[in-house]
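To start, the structure itself, in structure tokens.
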Amino acid sequence: RVHGGIENILTEMSANDCVISEEVQQAYKEFWKKRNADGAALILKVDKDTTHVVVDEVFESIRLSDLADELSETQPRFILYSYKWQRDNDRVQFPISLIYFKPENTGPELRMLYTRPIIGLQQKFSINKVFELEDAEALSEKWLIQQLQAAHY
């Protein structure tokens, strides 16, 4: 049984409910324009009171290993991450990845709250694949490249 105010939130939301705040949309526009070789991250969270997706943090220059240190062991987050990817054929890309970080220690009600906006985020930001991550320590450039290659980027 889900307790407290979150019970009302979960029963009121439909499966594809996703309200992406204006702040997130504006932050994404700025994020998308910048191409940082070191990597940039836009961290999003779900406001439990409104169920809107809002900006948690913005990192203009951050490596994945440093970003891993910023993540909570109990709080899920959506991470939009962009960095310079030097392909084997010397082609350079700046893919924007959507990472759904859901720590193993996250309670079921928070997991459900964070699962619902995924499709809306993908559609809003034209992202084909969501990479799921449960262990922040696994977040690395090697991990991301494996995810990108598996998704045929």
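Here's how to read the names in the structure tokens: chain A, B, ... by the order shown, residue numbers from 1 in each chain, ligand numbers from 1 in the order shown.
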
Quiz item: Excluding same-chain residues fewer than 2 positions from range 99-110 of chain A, what lies within 10 Å of it counting only C-alpha atoms, as a PyMOL selection string?
Solution: chain A and resi 1-3+6-7+9-10+43-44+46+48+71-81+96-97+112-115+118+129-136+139+144

Practice problem: Write out as JSON, numbers by chain all residues of chain A that DSSP puts in strand (DSSP E or B) for this structure's backbone. | Solution: {"A": [19, 20, 40, 41, 42, 43, 44, 45, 46, 52, 53, 54, 55, 56, 57, 58, 59, 77, 78, 79, 80, 81, 82, 85, 86, 92, 93, 96, 97, 98, 99, 100, 101, 130, 131, 132, 133]}

Let's have the selection written as a CSV table (one decimal), in the first residue's frame, with N, CA and C atoms.
```csv
chain,number,residue,atom,x,y,z
A,19,VAL,N,3.7,16.4,-17.5
A,19,VAL,CA,3.7,17.8,-17.6
A,19,VAL,C,5.2,18.3,-17.4
A,20,ILE,N,5.7,18.8,-18.5
A,20,ILE,CA,7.1,19.3,-18.5
A,20,ILE,C,7.0,20.8,-18.3
A,40,ALA,N,28.0,17.8,-20.9
A,40,ALA,CA,27.1,18.7,-20.1
A,40,ALA,C,25.8,17.9,-19.7
A,41,ALA,N,25.2,18.3,-18.6
A,41,ALA,CA,24.1,17.5,-18.1
A,41,ALA,C,23.0,18.4,-17.6
A,42,LEU,N,21.8,18.0,-18.0
A,42,LEU,CA,20.6,18.7,-17.5
A,42,LEU,C,19.9,17.6,-16.6
A,43,ILE,N,19.8,17.8,-15.3
A,43,ILE,CA,19.2,16.8,-14.4
A,43,ILE,C,17.8,17.3,-14.1
A,44,LEU,N,16.9,16.3,-14.3
A,44,LEU,CA,15.4,16.6,-14.1
A,44,LEU,C,14.9,15.7,-13.0
A,45,LYS,N,13.9,16.3,-12.3
A,45,LYS,CA,13.2,15.5,-11.3
A,45,LYS,C,11.7,15.7,-11.4
A,46,VAL,N,11.0,14.8,-10.7
A,46,VAL,CA,9.5,15.0,-10.7
A,46,VAL,C,9.2,15.6,-9.4
A,52,HIS,N,4.9,17.5,-11.9
A,52,HIS,CA,5.5,18.1,-13.1
A,52,HIS,C,7.0,17.8,-13.1
A,53,VAL,N,7.5,17.6,-14.3
A,53,VAL,CA,9.0,17.4,-14.4
A,53,VAL,C,9.6,18.8,-14.4
A,54,VAL,N,10.6,19.0,-13.5
A,54,VAL,CA,11.3,20.2,-13.3
A,54,VAL,C,12.8,20.1,-13.3
A,55,VAL,N,13.5,21.2,-13.4
A,55,VAL,CA,14.9,21.2,-13.4
A,55,VAL,C,15.4,21.0,-12.0
A,56,ASP,N,16.4,20.0,-11.9
A,56,ASP,CA,17.0,19.8,-10.6
A,56,ASP,C,18.4,20.5,-10.6
A,57,GLU,N,19.2,20.2,-11.6
A,57,GLU,CA,20.5,20.9,-11.7
A,57,GLU,C,20.9,20.9,-13.1
A,58,VAL,N,21.8,21.9,-13.4
A,58,VAL,CA,22.4,22.0,-14.8
A,58,VAL,C,23.9,22.0,-14.6
A,59,PHE,N,24.6,21.2,-15.4
A,59,PHE,CA,26.1,21.2,-15.3
A,59,PHE,C,26.5,21.5,-16.7
A,77,ARG,N,16.3,10.2,-11.0
A,77,ARG,CA,16.4,11.4,-11.8
A,77,ARG,C,16.4,11.0,-13.2
A,78,PHE,N,16.1,12.0,-14.1
A,78,PHE,CA,16.3,11.9,-15.5
A,78,PHE,C,17.5,12.8,-15.8
A,79,ILE,N,18.4,12.2,-16.6
A,79,ILE,CA,19.6,12.9,-17.0
A,79,ILE,C,19.7,13.1,-18.5
A,80,LEU,N,19.7,14.3,-18.9
A,80,LEU,CA,19.9,14.6,-20.4
A,80,LEU,C,21.4,14.9,-20.4
A,81,TYR,N,22.2,14.1,-21.2
A,81,TYR,CA,23.6,14.2,-21.2
A,81,TYR,C,24.1,14.3,-22.6
A,82,SER,N,25.0,15.3,-22.9
A,82,SER,CA,25.6,15.5,-24.2
A,82,SER,C,27.1,15.6,-24.0
A,85,TRP,N,31.5,12.7,-28.9
A,85,TRP,CA,31.8,11.3,-29.1
A,85,TRP,C,32.6,11.1,-30.4
A,86,GLN,N,33.8,10.7,-30.2
A,86,GLN,CA,34.7,10.5,-31.3
A,86,GLN,C,34.5,9.0,-31.8
A,92,VAL,N,32.7,12.8,-35.6
A,92,VAL,CA,32.4,13.3,-34.3
A,92,VAL,C,30.9,13.6,-34.2
A,93,GLN,N,30.3,13.2,-33.1
A,93,GLN,CA,28.9,13.4,-32.8
A,93,GLN,C,28.8,14.0,-31.4
A,96,ILE,N,22.6,13.5,-27.6
A,96,ILE,CA,22.0,13.8,-26.4
A,96,ILE,C,21.3,12.5,-25.9
A,97,SER,N,21.7,12.0,-24.8
A,97,SER,CA,21.1,10.8,-24.2
A,97,SER,C,20.2,11.1,-23.1
A,98,LEU,N,19.1,10.3,-23.0
A,98,LEU,CA,18.2,10.4,-21.9
A,98,LEU,C,18.5,9.2,-21.0
A,99,ILE,N,19.0,9.4,-19.8
A,99,ILE,CA,19.3,8.4,-18.9
A,99,ILE,C,18.3,8.4,-17.7
A,100,TYR,N,17.6,7.3,-17.5
A,100,TYR,CA,16.7,7.2,-16.4
A,100,TYR,C,17.4,6.6,-15.3
A,101,PHE,N,17.9,7.4,-14.3
A,101,PHE,CA,18.6,6.9,-13.1
A,101,PHE,C,17.6,6.5,-12.1
A,130,VAL,N,15.9,5.4,-24.2
A,130,VAL,CA,16.1,5.8,-22.8
A,130,VAL,C,17.1,4.7,-22.3
A,131,PHE,N,18.2,5.2,-21.7
A,131,PHE,CA,19.1,4.2,-21.1
A,131,PHE,C,18.8,4.2,-19.6
A,132,GLU,N,18.6,3.0,-19.0
A,132,GLU,CA,18.2,2.9,-17.6
A,132,GLU,C,19.5,2.5,-16.8
A,133,LEU,N,19.6,3.1,-15.7
A,133,LEU,CA,20.8,2.9,-14.8
A,133,LEU,C,20.4,2.8,-13.4
```

Quiz item: Between A:Arg116, A:Lys142, A:Arg63, A:His152, which has the minimum distance to Asn128 in chain A (counting only C-alpha atoms)?
Solution: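 Nearest to Asn128 in chain A: A:His152.
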
Going by DSSP on the backbone, which bits of range 8-110 of chain A are helix (DSSP H, G or I)? Write them as a PDB file with all heavy atoms, in the first residue's frame, please.
```
ATOM      1  N   ASN A   8      -2.512   9.857  -3.699  1.00  0.00           N
ATOM      2  CA  ASN A   8      -3.407  10.668  -4.525  1.00  0.00           C
ATOM      3  C   ASN A   8      -2.778  10.998  -5.874  1.00  0.00           C
ATOM      4  O   ASN A   8      -3.443  10.968  -6.898  1.00  0.00           O
ATOM      5  CB  ASN A   8      -3.792  11.960  -3.805  1.00  0.00           C
ATOM      6  CG  ASN A   8      -4.621  11.687  -2.574  1.00  0.00           C
ATOM      7  OD1 ASN A   8      -5.311  10.675  -2.486  1.00  0.00           O
ATOM      8  ND2 ASN A   8      -4.529  12.578  -1.606  1.00  0.00           N
ATOM      9  N   ILE A   9      -1.511  11.311  -5.851  1.00  0.00           N
ATOM     10  CA  ILE A   9      -0.807  11.642  -7.097  1.00  0.00           C
ATOM     11  C   ILE A   9      -0.858  10.462  -8.057  1.00  0.00           C
ATOM     12  O   ILE A   9      -1.174  10.600  -9.231  1.00  0.00           O
ATOM     13  CB  ILE A   9       0.662  12.023  -6.804  1.00  0.00           C
ATOM     14  CG1 ILE A   9       0.710  13.358  -6.064  1.00  0.00           C
ATOM     15  CG2 ILE A   9       1.478  12.091  -8.078  1.00  0.00           C
ATOM     16  CD1 ILE A   9       2.077  13.696  -5.499  1.00  0.00           C
ATOM     17  N   LEU A  10      -0.556   9.275  -7.550  1.00  0.00           N
ATOM     18  CA  LEU A  10      -0.483   8.100  -8.407  1.00  0.00           C
ATOM     19  C   LEU A  10      -1.848   7.717  -8.957  1.00  0.00           C
ATOM     20  O   LEU A  10      -1.951   7.263 -10.088  1.00  0.00           O
ATOM     21  CB  LEU A  10       0.134   6.925  -7.651  1.00  0.00           C
ATOM     22  CG  LEU A  10       1.592   7.119  -7.241  1.00  0.00           C
ATOM     23  CD1 LEU A  10       2.076   5.920  -6.453  1.00  0.00           C
ATOM     24  CD2 LEU A  10       2.479   7.367  -8.431  1.00  0.00           C
ATOM     25  N   THR A  11      -2.904   7.896  -8.195  1.00  0.00           N
ATOM     26  CA  THR A  11      -4.224   7.525  -8.693  1.00  0.00           C
ATOM     27  C   THR A  11      -4.757   8.551  -9.680  1.00  0.00           C
ATOM     28  O   THR A  11      -5.555   8.221 -10.545  1.00  0.00           O
ATOM     29  CB  THR A  11      -5.225   7.348  -7.535  1.00  0.00           C
ATOM     30  OG1 THR A  11      -5.270   8.544  -6.765  1.00  0.00           O
ATOM     31  CG2 THR A  11      -4.852   6.177  -6.667  1.00  0.00           C
ATOM     32  N   GLU A  12      -4.319   9.797  -9.591  1.00  0.00           N
ATOM     33  CA  GLU A  12      -4.807  10.835 -10.498  1.00  0.00           C
ATOM     34  C   GLU A  12      -4.098  10.839 -11.848  1.00  0.00           C
ATOM     35  O   GLU A  12      -4.618  11.319 -12.834  1.00  0.00           O
ATOM     36  CB  GLU A  12      -4.627  12.221  -9.856  1.00  0.00           C
ATOM     37  CG  GLU A  12      -5.558  12.456  -8.693  1.00  0.00           C
ATOM     38  CD  GLU A  12      -5.248  13.765  -7.983  1.00  0.00           C
ATOM     39  OE1 GLU A  12      -4.464  14.560  -8.506  1.00  0.00           O
ATOM     40  OE2 GLU A  12      -5.809  13.969  -6.904  1.00  0.00           O
ATOM     41  N   GLU A  22       7.744  24.757 -18.068  1.00  0.00           N
ATOM     42  CA  GLU A  22       8.325  25.725 -19.006  1.00  0.00           C
ATOM     43  C   GLU A  22       9.812  25.902 -18.721  1.00  0.00           C
ATOM     44  O   GLU A  22      10.617  26.068 -19.628  1.00  0.00           O
ATOM     45  CB  GLU A  22       7.579  27.057 -18.909  1.00  0.00           C
ATOM     46  CG  GLU A  22       7.996  28.077 -19.941  1.00  0.00           C
ATOM     47  CD  GLU A  22       7.724  27.629 -21.381  1.00  0.00           C
ATOM     48  OE1 GLU A  22       6.671  27.010 -21.628  1.00  0.00           O
ATOM     49  OE2 GLU A  22       8.574  27.902 -22.260  1.00  0.00           O
ATOM     50  N   GLU A  23      10.167  25.842 -17.453  1.00  0.00           N
ATOM     51  CA  GLU A  23      11.568  25.960 -17.039  1.00  0.00           C
ATOM     52  C   GLU A  23      12.412  24.850 -17.686  1.00  0.00           C
ATOM     53  O   GLU A  23      13.507  25.096 -18.181  1.00  0.00           O
ATOM     54  CB  GLU A  23      11.650  25.857 -15.513  1.00  0.00           C
ATOM     55  CG  GLU A  23      13.056  25.759 -14.972  1.00  0.00           C
ATOM     56  CD  GLU A  23      13.100  25.297 -13.523  1.00  0.00           C
ATOM     57  OE1 GLU A  23      12.193  24.560 -13.070  1.00  0.00           O
ATOM     58  OE2 GLU A  23      14.081  25.652 -12.863  1.00  0.00           O
ATOM     59  N   VAL A  24      11.880  23.636 -17.717  1.00  0.00           N
ATOM     60  CA  VAL A  24      12.594  22.507 -18.329  1.00  0.00           C
ATOM     61  C   VAL A  24      12.733  22.730 -19.829  1.00  0.00           C
ATOM     62  O   VAL A  24      13.806  22.520 -20.401  1.00  0.00           O
ATOM     63  CB  VAL A  24      11.871  21.171 -18.048  1.00  0.00           C
ATOM     64  CG1 VAL A  24      12.452  20.052 -18.907  1.00  0.00           C
ATOM     65  CG2 VAL A  24      11.960  20.816 -16.581  1.00  0.00           C
ATOM     66  N   GLN A  25      11.667  23.156 -20.458  1.00  0.00           N
ATOM     67  CA  GLN A  25      11.706  23.372 -21.903  1.00  0.00           C
ATOM     68  C   GLN A  25      12.726  24.441 -22.277  1.00  0.00           C
ATOM     69  O   GLN A  25      13.483  24.286 -23.240  1.00  0.00           O
ATOM     70  CB  GLN A  25      10.309  23.731 -22.404  1.00  0.00           C
ATOM     71  CG  GLN A  25       9.337  22.567 -22.232  1.00  0.00           C
ATOM     72  CD  GLN A  25       7.932  22.909 -22.654  1.00  0.00           C
ATOM     73  OE1 GLN A  25       7.721  23.347 -23.780  1.00  0.00           O
ATOM     74  NE2 GLN A  25       6.973  22.701 -21.763  1.00  0.00           N
ATOM     75  N   GLN A  26      12.779  25.515 -21.495  1.00  0.00           N
ATOM     76  CA  GLN A  26      13.745  26.585 -21.760  1.00  0.00           C
ATOM     77  C   GLN A  26      15.168  26.094 -21.483  1.00  0.00           C
ATOM     78  O   GLN A  26      16.084  26.364 -22.267  1.00  0.00           O
ATOM     79  CB  GLN A  26      13.426  27.816 -20.909  1.00  0.00           C
ATOM     80  CG  GLN A  26      14.246  29.030 -21.280  1.00  0.00           C
ATOM     81  CD  GLN A  26      14.052  29.452 -22.730  1.00  0.00           C
ATOM     82  OE1 GLN A  26      12.942  29.441 -23.257  1.00  0.00           O
ATOM     83  NE2 GLN A  26      15.133  29.821 -23.387  1.00  0.00           N
ATOM     84  N   ALA A  27      15.346  25.365 -20.398  1.00  0.00           N
ATOM     85  CA  ALA A  27      16.673  24.831 -20.064  1.00  0.00           C
ATOM     86  C   ALA A  27      17.156  23.872 -21.148  1.00  0.00           C
ATOM     87  O   ALA A  27      18.335  23.859 -21.498  1.00  0.00           O
ATOM     88  CB  ALA A  27      16.635  24.143 -18.700  1.00  0.00           C
ATOM     89  N   TYR A  28      16.238  23.074 -21.698  1.00  0.00           N
ATOM     90  CA  TYR A  28      16.616  22.138 -22.753  1.00  0.00           C
ATOM     91  C   TYR A  28      17.053  22.887 -24.016  1.00  0.00           C
ATOM     92  O   TYR A  28      18.027  22.488 -24.659  1.00  0.00           O
ATOM     93  CB  TYR A  28      15.473  21.169 -23.082  1.00  0.00           C
ATOM     94  CG  TYR A  28      15.868  20.198 -24.161  1.00  0.00           C
ATOM     95  CD1 TYR A  28      16.682  19.107 -23.869  1.00  0.00           C
ATOM     96  CD2 TYR A  28      15.467  20.374 -25.480  1.00  0.00           C
ATOM     97  CE1 TYR A  28      17.081  18.222 -24.861  1.00  0.00           C
ATOM     98  CE2 TYR A  28      15.856  19.487 -26.471  1.00  0.00           C
ATOM     99  CZ  TYR A  28      16.659  18.416 -26.149  1.00  0.00           C
ATOM    100  OH  TYR A  28      17.056  17.551 -27.135  1.00  0.00           O
ATOM    101  N   LYS A  29      16.348  23.955 -24.350  1.00  0.00           N
ATOM    102  CA  LYS A  29      16.737  24.744 -25.533  1.00  0.00           C
ATOM    103  C   LYS A  29      18.163  25.262 -25.379  1.00  0.00           C
ATOM    104  O   LYS A  29      18.964  25.200 -26.313  1.00  0.00           O
ATOM    105  CB  LYS A  29      15.776  25.911 -25.739  1.00  0.00           C
ATOM    106  CG  LYS A  29      14.430  25.502 -26.265  1.00  0.00           C
ATOM    107  CD  LYS A  29      13.513  26.711 -26.405  1.00  0.00           C
ATOM    108  CE  LYS A  29      12.096  26.270 -26.732  1.00  0.00           C
ATOM    109  NZ  LYS A  29      11.164  27.397 -26.741  1.00  0.00           N
ATOM    110  N   GLU A  30      18.495  25.764 -24.201  1.00  0.00           N
ATOM    111  CA  GLU A  30      19.853  26.256 -23.946  1.00  0.00           C
ATOM    112  C   GLU A  30      20.863  25.110 -23.959  1.00  0.00           C
ATOM    113  O   GLU A  30      21.948  25.223 -24.510  1.00  0.00           O
ATOM    114  CB  GLU A  30      19.909  26.988 -22.600  1.00  0.00           C
ATOM    115  CG  GLU A  30      19.114  28.273 -22.572  1.00  0.00           C
ATOM    116  CD  GLU A  30      19.594  29.289 -23.595  1.00  0.00           C
ATOM    117  OE1 GLU A  30      20.828  29.487 -23.714  1.00  0.00           O
ATOM    118  OE2 GLU A  30      18.736  29.878 -24.289  1.00  0.00           O
ATOM    119  N   PHE A  31      20.487  24.012 -23.354  1.00  0.00           N
ATOM    120  CA  PHE A  31      21.336  22.824 -23.293  1.00  0.00           C
ATOM    121  C   PHE A  31      21.638  22.302 -24.696  1.00  0.00           C
ATOM    122  O   PHE A  31      22.769  21.966 -25.021  1.00  0.00           O
ATOM    123  CB  PHE A  31      20.607  21.758 -22.454  1.00  0.00           C
ATOM    124  CG  PHE A  31      21.284  20.432 -22.387  1.00  0.00           C
ATOM    125  CD1 PHE A  31      22.379  20.231 -21.565  1.00  0.00           C
ATOM    126  CD2 PHE A  31      20.808  19.352 -23.120  1.00  0.00           C
ATOM    127  CE1 PHE A  31      22.989  18.990 -21.483  1.00  0.00           C
ATOM    128  CE2 PHE A  31      21.411  18.111 -23.049  1.00  0.00           C
ATOM    129  CZ  PHE A  31      22.502  17.936 -22.224  1.00  0.00           C
ATOM    130  N   TRP A  32      20.621  22.250 -25.536  1.00  0.00           N
ATOM    131  CA  TRP A  32      20.752  21.714 -26.884  1.00  0.00           C
ATOM    132  C   TRP A  32      21.702  22.558 -27.733  1.00  0.00           C
ATOM    133  O   TRP A  32      22.447  22.025 -28.567  1.00  0.00           O
ATOM    134  CB  TRP A  32      19.372  21.659 -27.544  1.00  0.00           C
ATOM    135  CG  TRP A  32      19.373  20.956 -28.861  1.00  0.00           C
ATOM    136  CD1 TRP A  32      19.301  19.620 -29.074  1.00  0.00           C
ATOM    137  CD2 TRP A  32      19.448  21.569 -30.149  1.00  0.00           C
ATOM    138  NE1 TRP A  32      19.329  19.350 -30.417  1.00  0.00           N
ATOM    139  CE2 TRP A  32      19.425  20.543 -31.108  1.00  0.00           C
ATOM    140  CE3 TRP A  32      19.536  22.885 -30.592  1.00  0.00           C
ATOM    141  CZ2 TRP A  32      19.485  20.784 -32.462  1.00  0.00           C
ATOM    142  CZ3 TRP A  32      19.608  23.130 -31.950  1.00  0.00           C
ATOM    143  CH2 TRP A  32      19.576  22.086 -32.870  1.00  0.00           C
ATOM    144  N   LYS A  33      21.724  23.858 -27.531  1.00  0.00           N
ATOM    145  CA  LYS A  33      22.566  24.768 -28.320  1.00  0.00           C
ATOM    146  C   LYS A  33      24.046  24.607 -28.005  1.00  0.00           C
ATOM    147  O   LYS A  33      24.890  24.876 -28.845  1.00  0.00           O
ATOM    148  CB  LYS A  33      22.177  26.218 -28.041  1.00  0.00           C
ATOM    149  CG  LYS A  33      20.838  26.615 -28.593  1.00  0.00           C
ATOM    150  CD  LYS A  33      20.549  28.057 -28.209  1.00  0.00           C
ATOM    151  CE  LYS A  33      19.111  28.424 -28.465  1.00  0.00           C
ATOM    152  NZ  LYS A  33      18.806  29.774 -27.984  1.00  0.00           N
ATOM    153  N   LEU A  64      31.109  12.143 -16.933  1.00  0.00           N
ATOM    154  CA  LEU A  64      30.154  11.192 -16.360  1.00  0.00           C
ATOM    155  C   LEU A  64      30.594  10.678 -14.993  1.00  0.00           C
ATOM    156  O   LEU A  64      29.771  10.511 -14.095  1.00  0.00           O
ATOM    157  CB  LEU A  64      29.932  10.026 -17.320  1.00  0.00           C
ATOM    158  CG  LEU A  64      29.026  10.349 -18.506  1.00  0.00           C
ATOM    159  CD1 LEU A  64      29.055   9.219 -19.515  1.00  0.00           C
ATOM    160  CD2 LEU A  64      27.604  10.615 -18.046  1.00  0.00           C
ATOM    161  N   SER A  65      31.882  10.442 -14.822  1.00  0.00           N
ATOM    162  CA  SER A  65      32.362   9.955 -13.527  1.00  0.00           C
ATOM    163  C   SER A  65      32.102  10.978 -12.419  1.00  0.00           C
ATOM    164  O   SER A  65      31.771  10.602 -11.290  1.00  0.00           O
ATOM    165  CB  SER A  65      33.845   9.600 -13.600  1.00  0.00           C
ATOM    166  OG  SER A  65      34.592  10.724 -14.027  1.00  0.00           O
ATOM    167  N   ASP A  66      32.223  12.261 -12.737  1.00  0.00           N
ATOM    168  CA  ASP A  66      31.927  13.303 -11.746  1.00  0.00           C
ATOM    169  C   ASP A  66      30.426  13.431 -11.529  1.00  0.00           C
ATOM    170  O   ASP A  66      29.975  13.685 -10.415  1.00  0.00           O
ATOM    171  CB  ASP A  66      32.507  14.648 -12.200  1.00  0.00           C
ATOM    172  CG  ASP A  66      34.030  14.613 -12.250  1.00  0.00           C
ATOM    173  OD1 ASP A  66      34.645  13.872 -11.458  1.00  0.00           O
ATOM    174  OD2 ASP A  66      34.600  15.319 -13.102  1.00  0.00           O
ATOM    175  N   LEU A  67      29.666  13.252 -12.592  1.00  0.00           N
ATOM    176  CA  LEU A  67      28.208  13.306 -12.475  1.00  0.00           C
ATOM    177  C   LEU A  67      27.711  12.183 -11.572  1.00  0.00           C
ATOM    178  O   LEU A  67      26.791  12.376 -10.771  1.00  0.00           O
ATOM    179  CB  LEU A  67      27.566  13.206 -13.856  1.00  0.00           C
ATOM    180  CG  LEU A  67      26.050  13.259 -13.914  1.00  0.00           C
ATOM    181  CD1 LEU A  67      25.516  14.547 -13.312  1.00  0.00           C
ATOM    182  CD2 LEU A  67      25.578  13.121 -15.356  1.00  0.00           C
ATOM    183  N   ALA A  68      28.321  11.029 -11.658  1.00  0.00           N
ATOM    184  CA  ALA A  68      27.934   9.890 -10.814  1.00  0.00           C
ATOM    185  C   ALA A  68      28.025  10.253  -9.335  1.00  0.00           C
ATOM    186  O   ALA A  68      27.185   9.835  -8.535  1.00  0.00           O
ATOM    187  CB  ALA A  68      28.805   8.679 -11.129  1.00  0.00           C
ATOM    188  N   ASP A  69      29.026  11.052  -8.981  1.00  0.00           N
ATOM    189  CA  ASP A  69      29.199  11.466  -7.585  1.00  0.00           C
ATOM    190  C   ASP A  69      28.091  12.403  -7.110  1.00  0.00           C
ATOM    191  O   ASP A  69      27.863  12.540  -5.912  1.00  0.00           O
ATOM    192  CB  ASP A  69      30.553  12.166  -7.396  1.00  0.00           C
ATOM    193  CG  ASP A  69      31.731  11.233  -7.633  1.00  0.00           C
ATOM    194  OD1 ASP A  69      31.563  10.000  -7.505  1.00  0.00           O
ATOM    195  OD2 ASP A  69      32.821  11.744  -7.957  1.00  0.00           O
ATOM    196  N   GLU A  70      27.409  13.045  -8.040  1.00  0.00           N
ATOM    197  CA  GLU A  70      26.341  13.998  -7.706  1.00  0.00           C
ATOM    198  C   GLU A  70      24.993  13.321  -7.482  1.00  0.00           C
ATOM    199  O   GLU A  70      24.063  13.937  -6.972  1.00  0.00           O
ATOM    200  CB  GLU A  70      26.191  15.033  -8.826  1.00  0.00           C
ATOM    201  CG  GLU A  70      27.411  15.868  -9.100  1.00  0.00           C
ATOM    202  CD  GLU A  70      27.718  16.847  -7.972  1.00  0.00           C
ATOM    203  OE1 GLU A  70      26.775  17.311  -7.307  1.00  0.00           O
ATOM    204  OE2 GLU A  70      28.914  17.125  -7.749  1.00  0.00           O
ATOM    205  N   PRO A 108       9.042   1.744  -4.299  1.00  0.00           N
ATOM    206  CA  PRO A 108       8.168   1.480  -5.451  1.00  0.00           C
ATOM    207  C   PRO A 108       7.309   2.682  -5.863  1.00  0.00           C
ATOM    208  O   PRO A 108       7.058   2.879  -7.044  1.00  0.00           O
ATOM    209  CB  PRO A 108       7.304   0.304  -5.001  1.00  0.00           C
ATOM    210  CG  PRO A 108       7.466   0.204  -3.528  1.00  0.00           C
ATOM    211  CD  PRO A 108       8.756   0.855  -3.179  1.00  0.00           C
ATOM    212  N   GLU A 109       6.878   3.498  -4.912  1.00  0.00           N
ATOM    213  CA  GLU A 109       6.047   4.646  -5.273  1.00  0.00           C
ATOM    214  C   GLU A 109       6.835   5.686  -6.061  1.00  0.00           C
ATOM    215  O   GLU A 109       6.332   6.268  -7.017  1.00  0.00           O
ATOM    216  CB  GLU A 109       5.382   5.271  -4.042  1.00  0.00           C
ATOM    217  CG  GLU A 109       6.316   5.797  -2.985  1.00  0.00           C
ATOM    218  CD  GLU A 109       6.871   4.734  -2.035  1.00  0.00           C
ATOM    219  OE1 GLU A 109       6.379   3.596  -2.003  1.00  0.00           O
ATOM    220  OE2 GLU A 109       7.831   5.067  -1.319  1.00  0.00           O
ATOM    221  N   LEU A 110       8.105   5.888  -5.701  1.00  0.00           N
ATOM    222  CA  LEU A 110       8.940   6.823  -6.470  1.00  0.00           C
ATOM    223  C   LEU A 110       9.263   6.253  -7.841  1.00  0.00           C
ATOM    224  O   LEU A 110       9.276   6.980  -8.836  1.00  0.00           O
ATOM    225  CB  LEU A 110      10.242   7.128  -5.729  1.00  0.00           C
ATOM    226  CG  LEU A 110      10.241   8.332  -4.806  1.00  0.00           C
ATOM    227  CD1 LEU A 110      11.607   8.516  -4.172  1.00  0.00           C
ATOM    228  CD2 LEU A 110       9.789   9.590  -5.496  1.00  0.00           C
TER     229      LEU A 110
END
```

Quiz item: Counting only C-alpha atoms, which of A:Asn36, A:Ser21, A:Gln146, A:Ser140 gets nearest to Leu121 in chain A?
Solution: A:Ser21

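From CA of Lys84 in chain A back to CA of Lys34 in chain A, the distance works out to 11.1 Å.
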